[in-house]
file final19.tsv (TSV, C-alpha atoms)
chain	number	residue	atom	x	y	z
A	1	MET	CA	1.87	18.06	-6.67
A	2	ASP	CA	4.22	15.11	-7.24
A	3	LEU	CA	4.06	14.32	-3.53
A	4	PHE	CA	0.25	14.28	-3.63
A	5	ILE	CA	0.27	11.95	-6.62
A	6	LYS	CA	2.87	9.65	-5.08
A	7	ILE	CA	0.84	9.19	-1.90
A	8	LEU	CA	-2.59	8.96	-3.49
A	9	THR	CA	-1.44	6.36	-6.02
A	10	ASN	CA	0.54	4.26	-3.54
A	11	GLN	CA	-0.89	0.73	-3.73
A	12	ALA	CA	0.08	-0.17	-0.15
A	13	LEU	CA	-1.76	2.84	1.24
A	14	LEU	CA	-4.81	2.33	-0.96
A	15	GLY	CA	-4.85	-1.34	-0.07
A	16	ALA	CA	-4.65	-0.58	3.67
A	17	VAL	CA	-7.54	1.87	3.53
A	18	PHE	CA	-9.76	-0.26	1.29
A	19	SER	CA	-9.10	-3.46	3.24
A	20	THR	CA	-9.96	-1.84	6.56
A	21	VAL	CA	-13.24	-0.33	5.42
A	22	PHE	CA	-14.21	-3.36	3.30
A	23	VAL	CA	-13.70	-5.94	6.07
A	24	ILE	CA	-15.47	-3.73	8.64
A	25	LEU	CA	-18.44	-3.49	6.27
A	26	MET	CA	-18.39	-7.28	5.79
A	27	GLY	CA	-18.55	-7.76	9.55
A	28	TYR	CA	-21.39	-5.24	9.69
A	29	TYR	CA	-23.28	-7.06	6.94
A	30	ALA	CA	-22.74	-10.50	8.49
A	31	ARG	CA	-24.17	-9.42	11.83
A	32	LYS	CA	-26.95	-7.28	10.37
A	33	LYS	CA	-28.21	-10.22	8.32
A	34	ASN	CA	-27.78	-12.61	11.27
A	35	ILE	CA	-25.23	-14.66	9.36
A	36	VAL	CA	-23.25	-14.80	12.61
A	37	PRO	CA	-24.61	-14.98	16.19
A	38	GLU	CA	-24.91	-12.02	18.55
A	39	ASN	CA	-21.77	-12.97	20.52
A	40	ALA	CA	-19.58	-13.33	17.41
A	41	ALA	CA	-17.64	-10.11	18.09
A	42	LYS	CA	-16.70	-11.30	21.57
A	43	VAL	CA	-15.58	-14.69	20.28
A	44	LEU	CA	-13.38	-13.06	17.66
A	45	SER	CA	-11.91	-10.71	20.28
A	46	ALA	CA	-11.01	-13.66	22.50
A	47	ILE	CA	-9.21	-15.32	19.59
A	48	LEU	CA	-7.40	-12.05	18.90
A	49	LEU	CA	-6.20	-11.50	22.46
A	50	ASN	CA	-5.10	-15.07	23.12
A	51	ILE	CA	-3.90	-16.49	19.79
A	52	THR	CA	-3.34	-14.19	16.83
A	53	LEU	CA	-2.02	-11.08	18.59
A	54	PRO	CA	0.66	-12.97	20.55
A	55	ALA	CA	1.87	-14.42	17.22
A	56	LEU	CA	1.86	-10.94	15.67
A	57	ALA	CA	3.81	-9.48	18.59
A	58	PHE	CA	6.49	-12.19	18.43
A	59	ASN	CA	6.81	-12.12	14.65
A	60	ALA	CA	7.61	-8.41	14.67
A	61	PHE	CA	10.96	-9.11	16.31
A	62	MET	CA	12.08	-11.73	13.78
A	63	THR	CA	14.22	-9.21	11.92
A	64	ASN	CA	17.91	-8.32	11.64
A	65	ILE	CA	19.72	-6.00	14.03
A	66	ASN	CA	22.84	-4.10	13.03
A	67	ALA	CA	25.03	-2.75	15.82
A	68	GLN	CA	25.87	0.44	13.95
A	69	THR	CA	22.31	1.25	12.92
A	70	PHE	CA	21.03	0.41	16.38
A	71	LYS	CA	23.52	2.82	17.93
A	72	SER	CA	22.48	5.58	15.57
A	73	GLY	CA	18.84	4.78	16.34
A	74	LEU	CA	19.34	4.70	20.11
A	75	SER	CA	17.80	8.16	20.41
A	76	VAL	CA	14.63	6.92	18.73
A	77	PHE	CA	14.52	3.85	20.93
A	78	VAL	CA	14.82	5.89	24.12
A	79	PHE	CA	12.43	8.56	22.90
A	80	GLY	CA	9.81	5.88	22.22
A	81	PHE	CA	9.48	5.15	25.94
A	82	ILE	CA	9.55	8.84	26.82
A	83	ALA	CA	6.90	9.53	24.18
A	84	TYR	CA	4.43	7.01	25.58
A	85	VAL	CA	4.88	8.34	29.10
A	86	ILE	CA	4.10	11.80	27.72
A	87	LEU	CA	1.10	10.44	25.78
A	88	ILE	CA	-0.30	8.83	28.91
A	89	ALA	CA	0.12	12.09	30.85
A	90	ILE	CA	-1.47	14.40	28.27
A	91	SER	CA	-4.33	11.95	27.64
A	92	PHE	CA	-5.69	12.80	31.10
A	93	VAL	CA	-5.65	16.50	30.19
A	94	LEU	CA	-7.03	16.23	26.66
A	95	PHE	CA	-9.97	14.08	27.79
A	96	ALA	CA	-10.52	15.72	31.17
A	97	GLY	CA	-14.14	16.42	30.23
A	98	TYR	CA	-15.00	12.71	30.15
A	99	LYS	CA	-15.40	10.22	32.99
A	100	GLY	CA	-15.33	6.49	33.69
A	101	ASP	CA	-15.13	3.94	30.90
A	102	ARG	CA	-15.62	6.59	28.22
A	103	LYS	CA	-12.56	8.51	29.39
A	104	ASP	CA	-10.44	5.34	29.65
A	105	THR	CA	-11.43	4.19	26.17
A	106	LEU	CA	-10.80	7.57	24.52
A	107	ARG	CA	-7.42	7.81	26.27
A	108	ILE	CA	-6.27	4.35	25.16
A	109	LEU	CA	-7.50	4.90	21.60
A	110	MET	CA	-5.56	8.19	21.52
A	111	ILE	CA	-2.35	6.76	22.96
A	112	PHE	CA	-2.19	3.70	20.71
A	113	GLY	CA	-2.60	4.09	16.96
A	114	SER	CA	-2.50	1.56	14.14
A	115	THR	CA	1.24	2.06	13.68
A	116	THR	CA	2.06	-1.24	11.98
A	117	PHE	CA	-0.73	-1.74	9.47
A	118	PHE	CA	-1.67	1.85	8.71
A	119	GLY	CA	1.54	3.75	9.43
A	120	LEU	CA	4.32	1.59	7.99
A	121	PRO	CA	2.99	1.41	4.38
A	122	ILE	CA	3.01	5.19	4.19
A	123	ILE	CA	6.45	5.47	5.79
A	124	ASN	CA	7.90	2.87	3.41
A	125	ALA	CA	6.37	4.61	0.39
A	126	VAL	CA	7.37	8.17	1.22
A	127	LEU	CA	10.64	7.78	3.16
A	128	PRO	CA	12.06	4.22	3.11
A	129	ALA	CA	15.10	5.24	5.17
A	130	ALA	CA	12.76	5.91	8.08
A	131	THR	CA	11.49	2.32	8.31
A	132	LEU	CA	14.21	1.18	10.72
A	133	TYR	CA	13.48	4.07	13.08
A	134	ALA	CA	9.77	3.31	12.89
A	135	ASN	CA	10.45	-0.23	14.11
A	136	LEU	CA	12.67	1.00	16.93
A	137	PHE	CA	10.00	3.46	18.06
A	138	ASN	CA	7.42	0.69	17.89
A	139	ILE	CA	9.19	-1.36	20.55
A	140	ALA	CA	7.95	1.01	23.27
A	141	TYR	CA	4.54	1.01	21.59
A	142	ARG	CA	4.24	-2.76	21.93
A	143	VAL	CA	5.49	-2.79	25.51
A	144	PHE	CA	2.93	-0.18	26.62
A	145	LEU	CA	0.06	-1.47	24.46
A	146	TYR	CA	0.28	-5.00	25.78
A	147	SER	CA	0.79	-3.92	29.39
A	148	TYR	CA	-0.58	-0.47	30.23
A	149	GLY	CA	-3.33	-0.61	27.61
A	150	LEU	CA	-4.46	-4.03	28.84
A	151	ILE	CA	-4.40	-2.93	32.48
A	152	VAL	CA	-6.57	0.14	31.86
A	153	MET	CA	-9.10	-1.58	29.62
A	154	SER	CA	-9.43	-4.75	31.71
A	155	GLY	CA	-9.59	-2.88	35.01
A	156	THR	CA	-6.74	-4.91	36.43
A	157	LYS	CA	-5.14	-3.48	39.57
A	158	PHE	CA	-1.55	-3.70	40.73
A	159	ASP	CA	-1.92	-6.37	43.41
A	160	LYS	CA	0.12	-9.56	43.51
A	161	LYS	CA	-2.60	-11.73	42.02
A	162	ASN	CA	-3.36	-9.44	39.09
A	163	ILE	CA	0.28	-8.63	38.40
A	164	LYS	CA	0.84	-12.36	37.93
A	165	THR	CA	-2.13	-12.46	35.56
A	166	ILE	CA	-0.63	-9.62	33.51
A	167	LEU	CA	2.80	-11.23	33.35
A	168	VAL	CA	1.43	-14.52	32.04
A	169	ASN	CA	-0.71	-12.77	29.42
A	170	PRO	CA	0.16	-14.34	26.03
A	171	ILE	CA	0.67	-10.96	24.32
A	172	VAL	CA	2.96	-9.59	27.04
A	173	ILE	CA	5.03	-12.80	27.09
A	174	ALA	CA	5.36	-12.86	23.30
A	175	THR	CA	6.40	-9.20	23.21
A	176	PHE	CA	9.12	-9.45	25.84
A	177	VAL	CA	10.48	-12.78	24.57
A	178	GLY	CA	10.63	-11.42	21.03
A	179	PHE	CA	12.28	-8.19	22.18
A	180	VAL	CA	15.00	-10.01	24.15
A	181	LEU	CA	15.72	-12.39	21.27
A	182	TRP	CA	15.96	-9.45	18.87
A	183	LEU	CA	18.51	-7.72	21.12
A	184	VAL	CA	20.80	-10.72	21.68
A	185	GLN	CA	20.64	-12.33	18.24
A	186	ASN	CA	24.13	-11.21	17.12
A	187	ASN	CA	25.73	-12.79	20.22
A	188	ALA	CA	23.78	-16.04	20.11
A	189	PRO	CA	24.99	-19.28	18.45
A	190	GLN	CA	24.77	-18.84	14.70
A	191	THR	CA	23.46	-21.09	11.93
A	192	SER	CA	24.40	-20.80	8.26
A	193	VAL	CA	21.43	-20.32	5.94
A	194	LYS	CA	21.42	-20.13	2.16
A	195	VAL	CA	19.62	-16.94	1.14
A	196	ALA	CA	18.04	-16.96	-2.30
A	197	ALA	CA	18.75	-14.25	-4.87
A	198	THR	CA	16.45	-11.24	-4.58
A	199	VAL	CA	15.80	-7.85	-6.10
A	200	THR	CA	16.02	-5.12	-3.46
A	201	ASN	CA	15.28	-1.48	-4.29
A	202	GLY	CA	15.66	-2.30	-7.98
A	203	LYS	CA	19.06	-3.94	-7.49
A	204	PHE	CA	19.79	-7.62	-8.01
A	205	VAL	CA	21.28	-9.32	-4.94
A	206	GLU	CA	22.95	-12.66	-5.63
A	207	ALA	CA	22.25	-15.79	-3.64
A	208	SER	CA	24.56	-16.17	-0.65
A	209	VAL	CA	25.11	-18.01	2.61
A	210	LYS	CA	24.47	-15.91	5.71
A	211	SER	CA	24.59	-16.55	9.43
A	212	PHE	CA	21.60	-16.08	11.68
A	213	ALA	CA	20.93	-16.77	15.34
A	214	PHE	CA	19.58	-20.29	15.75
A	215	PHE	CA	16.28	-18.90	17.09
A	216	ARG	CA	15.67	-16.73	14.01
A	217	ILE	CA	13.01	-19.18	12.86
A	218	ASP	CA	12.03	-16.90	9.98
A	219	GLN	CA	15.37	-17.93	8.44
A	220	THR	CA	16.36	-21.21	10.11
A	221	LEU	CA	12.91	-22.82	10.26
A	222	PRO	CA	10.82	-20.92	7.71
A	223	TRP	CA	8.15	-23.65	7.65
A	224	VAL	CA	7.56	-23.12	11.39
A	225	PHE	CA	7.57	-19.35	11.01
A	226	ARG	CA	5.02	-19.63	8.19
A	227	GLY	CA	2.49	-21.00	10.67
A	228	LEU	CA	3.10	-18.15	13.12
A	229	LYS	CA	2.89	-15.64	10.30
A	230	TYR	CA	-0.47	-17.00	9.18
A	231	LEU	CA	-1.77	-16.55	12.72
A	232	GLY	CA	-0.33	-13.04	13.08
A	233	ASP	CA	-1.73	-11.95	9.72
A	234	LEU	CA	-5.21	-12.88	10.91
A	235	SER	CA	-5.14	-10.16	13.59
A	236	SER	CA	-6.23	-7.19	11.53
A	237	PRO	CA	-9.06	-8.81	9.56
A	238	LEU	CA	-10.45	-10.50	12.67
A	239	ALA	CA	-10.41	-7.20	14.57
A	240	TRP	CA	-12.12	-5.39	11.67
A	241	LEU	CA	-14.79	-8.07	11.48
A	242	ALA	CA	-15.39	-7.65	15.22
A	243	ILE	CA	-15.64	-3.87	14.75
A	244	GLY	CA	-18.15	-4.29	11.93
A	245	MET	CA	-20.26	-6.72	13.97
A	246	THR	CA	-20.30	-4.27	16.86
A	247	LEU	CA	-21.33	-1.43	14.55
A	248	ALA	CA	-24.26	-3.53	13.33
A	249	SER	CA	-25.97	-3.04	16.68
A	250	ILE	CA	-26.20	0.73	16.26
A	251	SER	CA	-27.20	3.33	13.70
A	252	LEU	CA	-24.26	4.43	11.54
A	253	LYS	CA	-25.98	7.77	11.04
A	254	GLU	CA	-26.08	8.30	14.78
A	255	ALA	CA	-22.50	7.08	15.13
A	256	VAL	CA	-20.98	9.82	12.98
A	257	GLN	CA	-23.17	12.37	14.73
A	258	GLU	CA	-21.72	11.52	18.15
A	259	LYS	CA	-19.70	14.50	19.35
A	260	ALA	CA	-17.14	12.42	21.27
A	261	VAL	CA	-16.07	10.62	18.09
A	262	TRP	CA	-15.34	13.89	16.31
A	263	VAL	CA	-13.56	15.34	19.35
A	264	TYR	CA	-11.44	12.21	19.53
A	265	SER	CA	-10.62	12.31	15.82
A	266	PHE	CA	-9.50	15.94	16.01
A	267	ILE	CA	-7.29	15.28	19.03
A	268	LYS	CA	-5.86	12.00	17.70
A	269	LEU	CA	-5.07	13.08	14.15
A	270	LEU	CA	-4.12	16.75	14.58
A	271	ILE	CA	-3.48	17.84	18.16
A	272	VAL	CA	-1.32	14.93	19.34
A	273	PRO	CA	1.04	14.88	16.30
A	274	ALA	CA	1.36	18.69	16.53
A	275	ILE	CA	2.30	18.44	20.20
A	276	PHE	CA	5.01	15.93	19.41
A	277	VAL	CA	6.46	17.99	16.58
A	278	GLY	CA	7.09	20.62	19.26
A	279	VAL	CA	8.34	18.06	21.79
A	280	MET	CA	10.87	16.59	19.35
A	281	PHE	CA	12.06	20.04	18.28
A	282	VAL	CA	12.71	21.01	21.93
A	283	ALA	CA	14.29	17.60	22.64
A	284	ASN	CA	16.82	18.19	19.86
A	285	LEU	CA	17.63	21.64	21.21
A	286	ILE	CA	18.34	20.51	24.77
A	287	GLY	CA	19.61	17.00	24.05
A	288	GLY	CA	22.43	17.81	21.64
A	289	GLY	CA	25.05	17.98	24.38
A	290	LEU	CA	23.98	14.55	25.64
A	291	GLY	CA	24.30	12.90	22.25
A	292	PHE	CA	20.53	12.80	21.81
A	293	HIS	CA	19.31	13.79	18.36
A	294	LEU	CA	16.27	12.92	16.29
A	295	THR	CA	16.98	13.25	12.59
A	296	TYR	CA	14.28	13.90	10.02
A	297	GLU	CA	14.26	10.17	9.25
A	298	ALA	CA	13.38	9.61	12.92
A	299	VAL	CA	10.90	12.46	13.32
A	300	PHE	CA	8.93	11.53	10.20
A	301	PRO	CA	7.80	8.02	11.27
A	302	VAL	CA	6.99	9.16	14.81
A	303	VAL	CA	4.58	11.84	13.59
A	304	ILE	CA	3.02	9.61	10.94
A	305	MET	CA	2.45	6.77	13.41
A	306	LEU	CA	0.89	9.14	15.94
A	307	ALA	CA	-1.53	10.36	13.25
A	308	THR	CA	-3.02	6.92	12.58
A	309	PRO	CA	-6.46	5.53	13.50
A	310	PRO	CA	-6.73	3.62	16.79
A	311	ALA	CA	-4.92	0.31	17.02
A	312	THR	CA	-7.01	-2.75	16.26
A	313	VAL	CA	-5.69	-4.17	19.53
A	314	ALA	CA	-7.05	-1.21	21.49
A	315	VAL	CA	-10.45	-1.54	19.83
A	316	ALA	CA	-10.37	-5.29	20.52
A	317	TYR	CA	-9.73	-4.52	24.20
A	318	ALA	CA	-12.81	-2.27	24.27
A	319	ILE	CA	-14.98	-4.94	22.67
A	320	ASN	CA	-13.64	-7.84	24.73
A	321	PHE	CA	-13.96	-6.04	28.08
A	322	ASP	CA	-17.30	-4.32	27.30
A	323	LYS	CA	-15.72	-0.89	27.70
A	324	GLU	CA	-17.52	1.55	25.37
A	325	SER	CA	-17.19	-0.91	22.49
A	326	VAL	CA	-19.60	1.07	20.30
A	327	LEU	CA	-17.66	4.29	20.82
A	328	ALA	CA	-14.39	2.50	20.05
A	329	SER	CA	-15.79	0.99	16.87
A	330	ASN	CA	-17.23	4.32	15.72
A	331	ALA	CA	-13.94	6.10	16.39
A	332	SER	CA	-12.02	3.45	14.48
A	333	LEU	CA	-14.26	3.66	11.42
A	334	LEU	CA	-14.38	7.46	11.26
A	335	THR	CA	-10.68	8.08	11.87
A	336	THR	CA	-9.71	5.40	9.34
A	337	VAL	CA	-11.35	7.48	6.62
A	338	ILE	CA	-10.21	10.89	7.87
A	339	ALA	CA	-6.64	9.74	8.57
A	340	VAL	CA	-5.96	9.18	4.88
A	341	PHE	CA	-6.29	12.90	4.18
A	342	VAL	CA	-4.76	14.11	7.46
A	343	ILE	CA	-1.63	11.97	6.99
A	344	ILE	CA	-1.15	13.49	3.54
A	345	LEU	CA	-1.28	16.88	5.25
A	346	TRP	CA	1.33	15.80	7.80
A	347	VAL	CA	3.64	14.47	5.07
A	348	ILE	CA	3.54	17.91	3.44
A	349	ILE	CA	4.07	19.74	6.75
A	350	LEU	CA	7.03	17.54	7.66
A	351	GLY	CA	8.52	18.06	4.21
A	352	VAL	CA	8.28	21.82	4.68
A	353	LEU	CA	9.87	21.61	8.15
A	354	ASN	CA	12.71	19.52	6.73
A	355	ALA	CA	13.26	21.90	3.83
A	356	GLY	CA	13.32	24.78	6.31
A	357	GLY	CA	16.03	23.12	8.40
A	358	ILE	CA	13.80	22.56	11.45
A	359	PHE	CA	14.61	18.84	11.44

call {"tool": "encode", "arguments": {"input": "final19.tsv", "output": "structure tokens"}}
result
Amino acid sequence: MDLFIKILTNQALLGAVFSTVFVILMGYYARKKNIVPENAAKVLSAILLNITLPALAFNAFMTNINAQTFKSGLSVFVFGFIAYVILIAISFVLFAGYKGDRKDTLRILMIFGSTTFFGLPIINAVLPAATLYANLFNIAYRVFLYSYGLIVMSGTKFDKKNIKTILVNPIVIATFVGFVLWLVQNNAPQTSVKVAATVTNGKFVEASVKSFAFFRIDQTLPWVFRGLKYLGDLSSPLAWLAIGMTLASISLKEAVQEKAVWVYSFIKLLIVPAIFVGVMFVANLIGGGLGFHLTYEAVFPVVIMLATPPATVAVAYAINFDKESVLASNASLLTTVIAVFVIILWVIILGVLNAGGIF
């Protein structure tokens, strides 16, 4: 009962759910009342893909790295890449009954969830120690989302011309540059920065002088980073507005009655996380001798992030490339509501598995 109360009264979780639904409804209202033009969703999607999402991708890597914690989290880092290869493979099986753009869209929406905005608030609230592992797992997520996800949804093929187009994509560039900088920051030239006193986890931390890599602009040039952060923070609301505007062109009653949306929701929120609970259990059994082990603090964020609604980036792809944009918007809206209750269920299940010594 305490666990239920803790989750249901968590302000970060409630804020995430309310903000998503509220902004989607505002986009719906704006388009329904012709406050914005018919092509508004496409314009917003273009801004997302070329300006705000690259900033968001880069900003995610402006964080500290500790050699010891990274070593202990190496299993999570490696498993992240393995997990997305597995997700790609099983997506063909789980949506074998669909064809063409519909199949591609359902697959991408299943593979890529809203791990940052929807998943992290829950992880931080329920198991703060798992936050580091969530970020390590998310590295693979960003690599695949901004490469494989873009390729599938844009229809780009692997020829020389299109490969060049992919490599110069702003999101892909920002992701890889940020990732490399995050990895090498401890070995780069350092700059001393005065860190103000803070209260962390209820404990007072005195002001001090710390060293950061010169390119850690969140610390060395906070006024520059503030601009990038403003841009990155625009990503979610702009995507939700685009979703709402797309929904305005259809009947909401018909949307929730579409069978594919319910099939997708069931697979995304229940089947996929369940599969990976089994995969991680087996991985621990056979990987022990190789030094591979996923602790409960690592398993928890993986399952929670897999049980999130589709990523706003994935939905933006569908809208921008005219690839079942209505289906993508419907799936996003429905799973956003359902995910709140399903994630609570997964928190309880994971707690039981941990208490039983499974993880």

call {"tool": "closest_residue", "arguments": {"input": "final19.tsv", "among": "A:Phe92, A:Tyr317, A:Phe215, A:Phe176", "to": "Ala239 of chain A", "atoms": "all atoms listed in the file"}}
result
A:Tyr317

call {"tool": "residues_near_point", "arguments": {"input": "final19.tsv", "point": "(-13.5, 3.5, 11.4)", "cutoff": "12 Å", "atoms": "only C-alpha atoms", "output": "MDAnalysis selection string"}}
result
chainID A and resid 17:25 28 109 114 239:244 246:247 252 255:256 261:262 265 308:312 315 326:340

call {"tool": "residues_near_point", "arguments": {"input": "final19.tsv", "point": "(8.7, 9.3, 25.7)", "cutoff": "12 Å", "atoms": "all atoms listed in the file", "output": "PDB file with C-alpha atoms, keeping the file's coordinate frame"}}
result
ATOM      1  CA  SER A  75      17.800   8.160  20.410  1.00  0.00           C
ATOM      2  CA  VAL A  76      14.630   6.920  18.730  1.00  0.00           C
ATOM      3  CA  PHE A  77      14.520   3.850  20.930  1.00  0.00           C
ATOM      4  CA  VAL A  78      14.820   5.890  24.120  1.00  0.00           C
ATOM      5  CA  PHE A  79      12.430   8.560  22.900  1.00  0.00           C
ATOM      6  CA  GLY A  80       9.810   5.880  22.220  1.00  0.00           C
ATOM      7  CA  PHE A  81       9.480   5.150  25.940  1.00  0.00           C
ATOM      8  CA  ILE A  82       9.550   8.840  26.820  1.00  0.00           C
ATOM      9  CA  ALA A  83       6.900   9.530  24.180  1.00  0.00           C
ATOM     10  CA  TYR A  84       4.430   7.010  25.580  1.00  0.00           C
ATOM     11  CA  VAL A  85       4.880   8.340  29.100  1.00  0.00           C
ATOM     12  CA  ILE A  86       4.100  11.800  27.720  1.00  0.00           C
ATOM     13  CA  LEU A  87       1.100  10.440  25.780  1.00  0.00           C
ATOM     14  CA  ILE A  88      -0.300   8.830  28.910  1.00  0.00           C
ATOM     15  CA  ALA A  89       0.120  12.090  30.850  1.00  0.00           C
ATOM     16  CA  ILE A  90      -1.470  14.400  28.270  1.00  0.00           C
ATOM     17  CA  ILE A 111      -2.350   6.760  22.960  1.00  0.00           C
ATOM     18  CA  PHE A 137      10.000   3.460  18.060  1.00  0.00           C
ATOM     19  CA  ASN A 138       7.420   0.690  17.890  1.00  0.00           C
ATOM     20  CA  ILE A 139       9.190  -1.360  20.550  1.00  0.00           C
ATOM     21  CA  ALA A 140       7.950   1.010  23.270  1.00  0.00           C
ATOM     22  CA  TYR A 141       4.540   1.010  21.590  1.00  0.00           C
ATOM     23  CA  PHE A 144       2.930  -0.180  26.620  1.00  0.00           C
ATOM     24  CA  PHE A 276       5.010  15.930  19.410  1.00  0.00           C
ATOM     25  CA  VAL A 279       8.340  18.060  21.790  1.00  0.00           C
ATOM     26  CA  MET A 280      10.870  16.590  19.350  1.00  0.00           C
ATOM     27  CA  ALA A 283      14.290  17.600  22.640  1.00  0.00           C
ATOM     28  CA  VAL A 302       6.990   9.160  14.810  1.00  0.00           C
TER      29      VAL A 302
END

call {"tool": "residues_around", "arguments": {"input": "final19.tsv", "residues": "Ala174 of chain A", "least_positions_apart": "6", "cutoff": "8 Å", "atoms": "only C-alpha atoms", "output": "list in words"}}
result
Pro54, Ala55, Ala57 and Phe58 of chain A

call {"tool": "residues_around", "arguments": {"input": "final19.tsv", "residues": "Ile343 of chain A", "least_positions_apart": "4", "cutoff": "10 Å", "atoms": "only C-alpha atoms", "output": "list of chain:residue names"}}
result
A:Ile7, A:Gly119, A:Ile122, A:Leu269, A:Leu270, A:Val303, A:Ile304, A:Met305, A:Leu306, A:Ala307, A:Thr308, A:Ile338, A:Ala339, A:Val347, A:Ile348, A:Ile349

call {"tool": "closest_residue", "arguments": {"input": "final19.tsv", "among": "A:Leu106, A:Phe70, A:Thr131, A:Ile51", "to": "Asn169 of chain A", "atoms": "only C-alpha atoms"}}
result
A:Ile51

call {"tool": "atom_distance", "arguments": {"input": "final19.tsv", "atom1": "atom CA of Leu238 of chain A", "atom2": "atom CA of Ile217 of chain A"}}
result
25.0 Å

call {"tool": "closest_residue", "arguments": {"input": "final19.tsv", "among": "A:Leu345, A:Leu53, A:Leu234, A:Arg216", "to": "Leu145 of chain A", "atoms": "all atoms listed in the file"}}
result
A:Leu53

call {"tool": "closest_residue", "arguments": {"input": "final19.tsv", "among": "A:Arg107, A:Arg142, A:Lys323, A:His293", "to": "Val272 of chain A", "atoms": "all atoms listed in the file"}}
result
A:Arg107

call {"tool": "atom_distance", "arguments": {"input": "final19.tsv", "atom1": "atom CA of Ala60 of chain A", "atom2": "atom CA of Gln219 of chain A"}}
result
13.8 Å

call {"tool": "atom_distance", "arguments": {"input": "final19.tsv", "atom1": "atom CA of Phe95 of chain A", "atom2": "atom CA of Met110 of chain A"}}
result
9.7 Å

call {"tool": "closest_residue", "arguments": {"input": "final19.tsv", "among": "A:Val277, A:Ala248, A:Met26, A:Ala207", "to": "Val195 of chain A", "atoms": "all atoms listed in the file"}}
result
A:Ala207

call {"tool": "closest_residue", "arguments": {"input": "final19.tsv", "among": "A:Asn34, A:Asn59, A:Ser154, A:Asn50", "to": "Ala318 of chain A", "atoms": "only C-alpha atoms"}}
result
A:Ser154

call {"tool": "decode", "arguments": {"input": "final19.tsv", "residues": "segment 70-84 of chain A", "atoms": "N, CA and C atoms", "output": "PDB file, in the first residue's frame"}}
result
ATOM      1  N   PHE A  70      31.314   3.750 -13.659  1.00  0.00           N
ATOM      2  CA  PHE A  70      31.181   3.335 -15.048  1.00  0.00           C
ATOM      3  C   PHE A  70      31.590   1.874 -15.221  1.00  0.00           C
ATOM      4  N   LYS A  71      32.631   1.463 -14.511  1.00  0.00           N
ATOM      5  CA  LYS A  71      33.066   0.068 -14.593  1.00  0.00           C
ATOM      6  C   LYS A  71      31.992  -0.858 -14.063  1.00  0.00           C
ATOM      7  N   SER A  72      31.391  -0.488 -12.949  1.00  0.00           N
ATOM      8  CA  SER A  72      30.332  -1.320 -12.375  1.00  0.00           C
ATOM      9  C   SER A  72      29.089  -1.309 -13.255  1.00  0.00           C
ATOM     10  N   GLY A  73      28.936  -0.242 -14.048  1.00  0.00           N
ATOM     11  CA  GLY A  73      27.770  -0.164 -14.930  1.00  0.00           C
ATOM     12  C   GLY A  73      28.057  -0.615 -16.346  1.00  0.00           C
ATOM     13  N   LEU A  74      29.247  -1.193 -16.560  1.00  0.00           N
ATOM     14  CA  LEU A  74      29.617  -1.627 -17.906  1.00  0.00           C
ATOM     15  C   LEU A  74      28.641  -2.675 -18.455  1.00  0.00           C
ATOM     16  N   SER A  75      28.160  -3.531 -17.574  1.00  0.00           N
ATOM     17  CA  SER A  75      27.207  -4.561 -18.005  1.00  0.00           C
ATOM     18  C   SER A  75      25.935  -3.923 -18.565  1.00  0.00           C
ATOM     19  N   VAL A  76      25.495  -2.849 -17.914  1.00  0.00           N
ATOM     20  CA  VAL A  76      24.286  -2.163 -18.379  1.00  0.00           C
ATOM     21  C   VAL A  76      24.545  -1.490 -19.721  1.00  0.00           C
ATOM     22  N   PHE A  77      25.698  -0.876 -19.840  1.00  0.00           N
ATOM     23  CA  PHE A  77      26.069  -0.200 -21.072  1.00  0.00           C
ATOM     24  C   PHE A  77      26.075  -1.177 -22.247  1.00  0.00           C
ATOM     25  N   VAL A  78      26.731  -2.312 -22.064  1.00  0.00           N
ATOM     26  CA  VAL A  78      26.812  -3.321 -23.118  1.00  0.00           C
ATOM     27  C   VAL A  78      25.432  -3.910 -23.407  1.00  0.00           C
ATOM     28  N   PHE A  79      24.691  -4.195 -22.349  1.00  0.00           N
ATOM     29  CA  PHE A  79      23.370  -4.790 -22.526  1.00  0.00           C
ATOM     30  C   PHE A  79      22.429  -3.846 -23.281  1.00  0.00           C
ATOM     31  N   GLY A  80      22.626  -2.536 -23.139  1.00  0.00           N
ATOM     32  CA  GLY A  80      21.787  -1.586 -23.854  1.00  0.00           C
ATOM     33  C   GLY A  80      21.824  -1.826 -25.355  1.00  0.00           C
ATOM     34  N   PHE A  81      23.016  -2.035 -25.904  1.00  0.00           N
ATOM     35  CA  PHE A  81      23.144  -2.282 -27.341  1.00  0.00           C
ATOM     36  C   PHE A  81      22.570  -3.644 -27.719  1.00  0.00           C
ATOM     37  N   ILE A  82      22.811  -4.628 -26.858  1.00  0.00           N
ATOM     38  CA  ILE A  82      22.246  -5.955 -27.121  1.00  0.00           C
ATOM     39  C   ILE A  82      20.721  -5.894 -27.087  1.00  0.00           C
ATOM     40  N   ALA A  83      20.192  -5.147 -26.123  1.00  0.00           N
ATOM     41  CA  ALA A  83      18.742  -5.047 -25.949  1.00  0.00           C
ATOM     42  C   ALA A  83      18.073  -4.460 -27.185  1.00  0.00           C
ATOM     43  N   TYR A  84      18.655  -3.426 -27.766  1.00  0.00           N
ATOM     44  CA  TYR A  84      18.009  -2.810 -28.926  1.00  0.00           C
ATOM     45  C   TYR A  84      18.128  -3.658 -30.181  1.00  0.00           C
TER      46      TYR A  84
END
